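What follows is coords.pdb (PDB, C-alpha atoms and all ligand atoms).
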```pdb
MODEL        1
ATOM      1  CA  MET A   1     -23.260 -10.791 -23.742
ATOM      2  CA  ILE A   2     -24.340 -10.456 -20.132
ATOM      3  CA  ARG A   3     -25.491  -6.962 -19.193
ATOM      4  CA  SER A   4     -27.654  -7.655 -16.162
ATOM      5  CA  VAL A   5     -27.609  -9.999 -13.162
ATOM      6  CA  LEU A   6     -30.368 -10.767 -10.632
ATOM      7  CA  PHE A   7     -29.512 -12.532  -7.349
ATOM      8  CA  VAL A   8     -32.320 -14.548  -5.725
ATOM      9  CA  CYS A   9     -32.773 -16.121  -2.272
ATOM     10  CA  LEU A  10     -35.851 -16.876  -0.135
ATOM     11  CA  GLY A  11     -36.517 -13.662   1.825
ATOM     12  CA  ASN A  12     -34.338 -11.091  -0.026
ATOM     13  CA  ILE A  13     -33.115  -9.783   3.334
ATOM     14  CA  CYS A  14     -29.933 -11.858   3.955
ATOM     15  CA  ARG A  15     -28.150 -13.701   1.140
ATOM     16  CA  SER A  16     -29.317 -12.045  -2.096
ATOM     17  CA  PRO A  17     -28.933  -8.433  -0.891
ATOM     18  CA  THR A  18     -25.446  -9.443   0.286
ATOM     19  CA  ALA A  19     -24.763 -10.786  -3.208
ATOM     20  CA  GLU A  20     -26.148  -7.610  -4.793
ATOM     21  CA  GLY A  21     -23.982  -5.305  -2.656
ATOM     22  CA  VAL A  22     -20.798  -7.403  -2.739
ATOM     23  CA  PHE A  23     -20.978  -8.099  -6.483
ATOM     24  CA  ARG A  24     -21.778  -4.449  -7.317
ATOM     25  CA  HIS A  25     -18.779  -3.266  -5.266
ATOM     26  CA  ARG A  26     -16.323  -5.827  -6.675
ATOM     27  CA  ALA A  27     -17.580  -5.600 -10.271
ATOM     28  CA  HIS A  28     -17.191  -1.830 -10.151
ATOM     29  CA  ALA A  29     -13.650  -2.172  -8.753
ATOM     30  CA  ALA A  30     -12.878  -4.599 -11.618
ATOM     31  CA  GLY A  31     -14.044  -2.063 -14.210
ATOM     32  CA  LEU A  32     -17.442  -3.671 -14.950
ATOM     33  CA  THR A  33     -19.361  -0.438 -14.429
ATOM     34  CA  HIS A  34     -22.282  -0.832 -16.837
ATOM     35  CA  LEU A  35     -23.992  -3.912 -15.414
ATOM     36  CA  HIS A  36     -27.570  -3.731 -14.152
ATOM     37  CA  ILE A  37     -27.568  -5.533 -10.769
ATOM     38  CA  ASP A  38     -30.528  -6.307  -8.495
ATOM     39  CA  SER A  39     -31.823  -8.915  -6.030
ATOM     40  CA  ALA A  40     -35.183 -10.471  -5.133
ATOM     41  CA  GLY A  41     -36.774 -13.191  -2.969
ATOM     42  CA  THR A  42     -38.902 -16.165  -3.959
ATOM     43  CA  ALA A  43     -41.152 -15.240  -0.975
ATOM     44  CA  ASN A  44     -42.953 -11.912  -0.474
ATOM     45  CA  TRP A  45     -42.742 -11.895   3.351
ATOM     46  CA  HIS A  46     -40.310  -8.990   3.653
ATOM     47  CA  GLU A  47     -41.467  -6.877   0.680
ATOM     48  CA  GLY A  48     -40.298  -3.254   1.067
ATOM     49  CA  LYS A  49     -38.056  -3.961   4.064
ATOM     50  CA  ALA A  50     -34.358  -3.199   4.460
ATOM     51  CA  PRO A  51     -31.992  -6.175   4.785
ATOM     52  CA  ASP A  52     -31.735  -7.965   8.151
ATOM     53  CA  PRO A  53     -29.714  -5.791  10.605
ATOM     54  CA  ARG A  54     -27.262  -8.691  11.140
ATOM     55  CA  THR A  55     -26.656  -8.820   7.380
ATOM     56  CA  VAL A  56     -26.196  -5.034   7.171
ATOM     57  CA  ARG A  57     -23.714  -5.029  10.099
ATOM     58  CA  ALA A  58     -21.637  -7.979   8.862
ATOM     59  CA  ALA A  59     -21.415  -6.482   5.353
ATOM     60  CA  ALA A  60     -20.530  -3.006   6.713
ATOM     61  CA  ARG A  61     -17.543  -4.475   8.576
ATOM     62  CA  ARG A  62     -16.172  -5.558   5.176
ATOM     63  CA  GLY A  63     -16.926  -2.214   3.534
ATOM     64  CA  TYR A  64     -20.249  -2.954   1.793
ATOM     65  CA  ASP A  65     -23.236  -0.635   2.368
ATOM     66  CA  LEU A  66     -26.471  -2.639   2.073
ATOM     67  CA  SER A  67     -28.636  -0.126   3.961
ATOM     68  CA  PRO A  68     -30.355   1.451   0.886
ATOM     69  CA  LEU A  69     -31.579  -1.926  -0.434
ATOM     70  CA  ARG A  70     -35.255  -2.943  -0.129
ATOM     71  CA  ALA A  71     -36.748  -6.413  -0.462
ATOM     72  CA  ARG A  72     -39.017  -7.434  -3.307
ATOM     73  CA  GLN A  73     -40.423 -10.681  -4.659
ATOM     74  CA  VAL A  74     -39.102 -12.141  -7.897
ATOM     75  CA  GLN A  75     -41.459 -11.799 -10.913
ATOM     76  CA  VAL A  76     -41.806 -13.855 -14.080
ATOM     77  CA  SER A  77     -40.981 -10.617 -15.951
ATOM     78  CA  ASP A  78     -37.525 -10.593 -14.296
ATOM     79  CA  PHE A  79     -36.590 -13.284 -16.798
ATOM     80  CA  GLU A  80     -37.153 -10.765 -19.604
ATOM     81  CA  GLN A  81     -35.246  -8.017 -17.737
ATOM     82  CA  PHE A  82     -32.148  -9.942 -16.585
ATOM     83  CA  ASP A  83     -29.637 -11.919 -18.634
ATOM     84  CA  LEU A  84     -28.481 -14.004 -15.672
ATOM     85  CA  VAL A  85     -30.527 -15.095 -12.630
ATOM     86  CA  LEU A  86     -28.439 -16.607  -9.828
ATOM     87  CA  ALA A  87     -30.091 -18.645  -7.067
ATOM     88  CA  MET A  88     -28.444 -18.831  -3.646
ATOM     89  CA  ASP A  89     -29.537 -22.427  -2.972
ATOM     90  CA  ARG A  90     -31.040 -25.447  -4.700
ATOM     91  CA  GLN A  91     -34.506 -24.820  -3.234
ATOM     92  CA  ASN A  92     -34.461 -21.273  -4.672
ATOM     93  CA  LEU A  93     -33.416 -22.817  -8.009
ATOM     94  CA  ARG A  94     -36.329 -25.300  -7.924
ATOM     95  CA  ASP A  95     -38.767 -22.502  -7.009
ATOM     96  CA  LEU A  96     -37.489 -20.330  -9.871
ATOM     97  CA  ARG A  97     -37.775 -23.258 -12.305
ATOM     98  CA  SER A  98     -41.389 -23.810 -11.338
ATOM     99  CA  LEU A  99     -42.093 -20.080 -11.716
ATOM    100  CA  VAL A 100     -40.696 -19.918 -15.256
ATOM    101  CA  LYS A 101     -41.435 -23.017 -17.216
ATOM    102  CA  ALA A 102     -40.245 -21.862 -20.635
ATOM    103  CA  PRO A 103     -37.133 -23.887 -21.613
ATOM    104  CA  ARG A 104     -35.619 -20.764 -23.222
ATOM    105  CA  HIS A 105     -35.074 -19.426 -19.689
ATOM    106  CA  ASP A 106     -33.104 -22.474 -18.480
ATOM    107  CA  GLU A 107     -29.704 -21.141 -19.486
ATOM    108  CA  GLN A 108     -30.269 -17.826 -17.681
ATOM    109  CA  LEU A 109     -30.684 -19.682 -14.410
ATOM    110  CA  GLN A 110     -27.743 -20.943 -12.336
ATOM    111  CA  LEU A 111     -26.581 -21.465  -8.781
ATOM    112  CA  MET A 112     -24.399 -18.710  -7.278
ATOM    113  CA  LEU A 113     -21.750 -21.176  -6.101
ATOM    114  CA  ASP A 114     -21.333 -22.662  -9.587
ATOM    115  CA  PHE A 115     -18.841 -19.796  -9.984
ATOM    116  CA  VAL A 116     -16.585 -21.151  -7.198
ATOM    117  CA  ASP A 117     -14.209 -24.030  -8.019
ATOM    118  CA  GLY A 118     -15.175 -27.133  -6.029
ATOM    119  CA  TRP A 119     -18.563 -25.717  -4.960
ATOM    120  CA  ARG A 120     -20.712 -26.748  -7.932
ATOM    121  CA  ASP A 121     -24.280 -27.713  -6.949
ATOM    122  CA  LYS A 122     -23.762 -26.398  -3.391
ATOM    123  CA  ASP A 123     -25.913 -23.976  -1.364
ATOM    124  CA  VAL A 124     -25.130 -20.638   0.239
ATOM    125  CA  PRO A 125     -26.554 -21.684   3.653
ATOM    126  CA  ASP A 126     -29.520 -19.710   4.972
ATOM    127  CA  PRO A 127     -28.169 -17.737   7.981
ATOM    128  CA  TYR A 128     -31.546 -16.453   9.237
ATOM    129  CA  TYR A 129     -32.074 -18.805  12.207
ATOM    130  CA  GLY A 130     -28.406 -19.254  13.098
ATOM    131  CA  GLY A 131     -25.591 -17.359  14.793
ATOM    132  CA  ALA A 132     -23.185 -14.631  13.725
ATOM    133  CA  GLU A 133     -20.762 -17.062  12.059
ATOM    134  CA  GLY A 134     -23.428 -17.898   9.479
ATOM    135  CA  PHE A 135     -23.416 -14.305   8.241
ATOM    136  CA  GLU A 136     -19.610 -14.381   7.918
ATOM    137  CA  GLN A 137     -19.813 -17.616   5.932
ATOM    138  CA  VAL A 138     -22.399 -16.057   3.608
ATOM    139  CA  LEU A 139     -19.978 -13.187   2.982
ATOM    140  CA  ASP A 140     -17.004 -15.534   2.425
ATOM    141  CA  LEU A 141     -18.916 -17.622  -0.131
ATOM    142  CA  ILE A 142     -20.460 -14.637  -1.889
ATOM    143  CA  GLU A 143     -17.127 -12.812  -2.173
ATOM    144  CA  ALA A 144     -15.592 -15.925  -3.759
ATOM    145  CA  ALA A 145     -18.547 -16.405  -6.131
ATOM    146  CA  SER A 146     -18.573 -12.709  -7.092
ATOM    147  CA  ASP A 147     -14.910 -12.907  -8.079
ATOM    148  CA  GLY A 148     -15.591 -16.112 -10.036
ATOM    149  CA  LEU A 149     -18.507 -14.437 -11.814
ATOM    150  CA  ILE A 150     -16.367 -11.378 -12.623
ATOM    151  CA  ARG A 151     -13.675 -13.627 -14.135
ATOM    152  CA  HIS A 152     -16.367 -15.424 -16.134
ATOM    153  CA  LEU A 153     -17.770 -12.134 -17.488
ATOM    154  CA  GLN A 154     -14.284 -10.854 -18.334
ATOM    155  CA  SER A 155     -13.491 -14.095 -20.181
ATOM    156  CA  GLY A 156     -16.245 -13.381 -22.716
ATOM    157  CA  ARG A 157     -17.341 -17.028 -22.613
ATOM    158  CA  PRO A 158     -21.108 -17.629 -22.894
TER
HETATM  159  P1  LIG B   1     -32.608 -15.024   2.946
HETATM  160  O1  LIG B   1     -32.850 -15.486   4.465
HETATM  161  O2  LIG B   1     -33.415 -15.992   2.095
HETATM  162  O3  LIG B   1     -31.142 -15.207   2.766
HETATM  163  O4  LIG B   1     -33.083 -13.596   2.838
HETATM  164  C1  LIG B   1     -34.102 -15.614   5.059
HETATM  165  C2  LIG B   1     -34.787 -14.497   5.468
HETATM  166  C3  LIG B   1     -36.006 -14.627   6.100
HETATM  167  C4  LIG B   1     -36.543 -15.887   6.295
HETATM  168  C5  LIG B   1     -35.847 -17.020   5.889
HETATM  169  C6  LIG B   1     -34.632 -16.877   5.249
HETATM  170  N1  LIG B   1     -37.786 -16.024   6.980
HETATM  171  O5  LIG B   1     -38.170 -17.165   7.296
HETATM  172  O6  LIG B   1     -38.464 -14.995   7.213
ENDMDL
END
```
Can the structure in the file be given as structure tokens, please?
Ligand code: 4NP
Amino acid sequence: MIRSVLFVCLGNICRSPTAEGVFRHRAHAAGLTHLHIDSAGTANWHEGKAPDPRTVRAAARRGYDLSPLRARQVQVSDFEQFDLVLAMDRQNLRDLRSLVKAPRHDEQLQLMLDFVDGWRDKDVPDPYYGGAEGFEQVLDLIEAASDGLIRHLQSGRP
């Protein structure tokens, strides 16, 4: 049974805090109120910082408050703390796999978009160096994946 989910991207200031806030909001609305939810970055560059202001603004327009979140770097010990670790893109997935080499952790680790039909093995694109539409696309993809993940958790399948 899955009781905890960690979302991981590169900086932990755009995609994974969006996933944390969107999934928390939608899971709660769906009655999944006892999950432990967090996010982290594979890099430590933004440790302690709030999410990117563009991320906070785009999420706020859809009703998600990301302002209390603070960035942190992913730790090997996260694989003991979290049942499911979801990478935003394939590079994040490779970085996580090289961080935790124990095969027993393989099944905890998946791509976020594996929970969207037709998006298996695809990336949530990094919006950091792009325009405003990138932040909207991140939200679109993460809302779809959050709903797919909620359906998966409600199904009781492993
Ligand atoms: P994130 O986006 O991985 O979605 O948080 C990025 C944030 C910062 C940087 C790159 C990506 N950066 O190069 O600082």
Of the candidates A:Gln81, A:Ser146, A:Asn12, A:Ser155, which one gets nearest to ligand LIG 1 (chain B) if we count all atoms listed in the file?
-> A:Asn12
Residues within 8 Å of Gly48 in chain A, all atoms listed in the file, excluding chain neighbours under 5 positions, as number ranges by chain = A: 70-72
Which residues match the PyMOL selection byres (((not hetatm)) within 6 of (chain B and resi 1)) in the file above, as a PDB file with C-alpha atoms, in the coordinates of the input?
```pdb
ATOM      1  CA  CYS A   9     -32.773 -16.121  -2.272  1.00  0.00           C
ATOM      2  CA  LEU A  10     -35.851 -16.876  -0.135  1.00  0.00           C
ATOM      3  CA  GLY A  11     -36.517 -13.662   1.825  1.00  0.00           C
ATOM      4  CA  ASN A  12     -34.338 -11.091  -0.026  1.00  0.00           C
ATOM      5  CA  ILE A  13     -33.115  -9.783   3.334  1.00  0.00           C
ATOM      6  CA  CYS A  14     -29.933 -11.858   3.955  1.00  0.00           C
ATOM      7  CA  ARG A  15     -28.150 -13.701   1.140  1.00  0.00           C
ATOM      8  CA  ASP A 126     -29.520 -19.710   4.972  1.00  0.00           C
ATOM      9  CA  TYR A 128     -31.546 -16.453   9.237  1.00  0.00           C
TER      10      TYR A 128
END
```
Polymer residues at most 12 Å from Asp95 in chain A, only C-alpha atoms, same-chain spacing of 6 or more positions, as a PDB file with C-alpha atoms, keeping the file's coordinate frame:
```
ATOM      1  CA  VAL A   8     -32.320 -14.548  -5.725  1.00  0.00           C
ATOM      2  CA  CYS A   9     -32.773 -16.121  -2.272  1.00  0.00           C
ATOM      3  CA  LEU A  10     -35.851 -16.876  -0.135  1.00  0.00           C
ATOM      4  CA  GLY A  41     -36.774 -13.191  -2.969  1.00  0.00           C
ATOM      5  CA  THR A  42     -38.902 -16.165  -3.959  1.00  0.00           C
ATOM      6  CA  ALA A  43     -41.152 -15.240  -0.975  1.00  0.00           C
ATOM      7  CA  VAL A  74     -39.102 -12.141  -7.897  1.00  0.00           C
ATOM      8  CA  GLN A  75     -41.459 -11.799 -10.913  1.00  0.00           C
ATOM      9  CA  VAL A  76     -41.806 -13.855 -14.080  1.00  0.00           C
ATOM     10  CA  ALA A  87     -30.091 -18.645  -7.067  1.00  0.00           C
ATOM     11  CA  MET A  88     -28.444 -18.831  -3.646  1.00  0.00           C
ATOM     12  CA  ASP A  89     -29.537 -22.427  -2.972  1.00  0.00           C
ATOM     13  CA  LYS A 101     -41.435 -23.017 -17.216  1.00  0.00           C
ATOM     14  CA  LEU A 109     -30.684 -19.682 -14.410  1.00  0.00           C
TER      15      LEU A 109
END
```
Take CA of Ile142 in chain A and CA of Gly21 in chain A and report the distance between them in Å, one decimal.
-> 10.0 Å
Distance criterion (only C-alpha atoms): nearest to Arg120 in chain A out of A:Asp106, A:Arg90, A:Leu99, A:Glu80 |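 Ranking A:Asp106, A:Arg90, A:Leu99, A:Glu80 by distance to Arg120 in chain A, first place goes to A:Arg90.
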Find the residue from A:Ala50, A:Leu139, A:Ala27, A:Leu149 that sits nearest to Ser67 in chain A; use only C-alpha atoms when measuring.
->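 Of all the options, A:Ala50 lies closest to Ser67 in chain A.
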Looking at all atoms listed in the file, which of A:Asp78, A:Asp123, A:Asp65, A:Asp117 is the one that sits closest to Thr18 in chain A?
-> A:Asp65
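Considering only C-alpha atoms, the residue among A:Val100, A:Leu84, A:Ala30, A:Ala59 positioned nearest to Pro158 in chain A is A:Leu84.
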Distance criterion (only C-alpha atoms): nearest to Thr33 in chain A out of A:Ser4, A:Pro17, A:Arg61, A:Gly148 | A:Ser4
Need the neighbours of (-16.2, -9.3, -11.8): which residues are at most 12 Å away, counting all atoms listed in the file, as number ranges by chain?
-> A: 2, 5, 22-35, 115, 143-156
One-decimal distance in Å that lies between CA of Glu133 in chain A and CA of Ile37 in chain A |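 Interatomic distance here is 26.5 Å.
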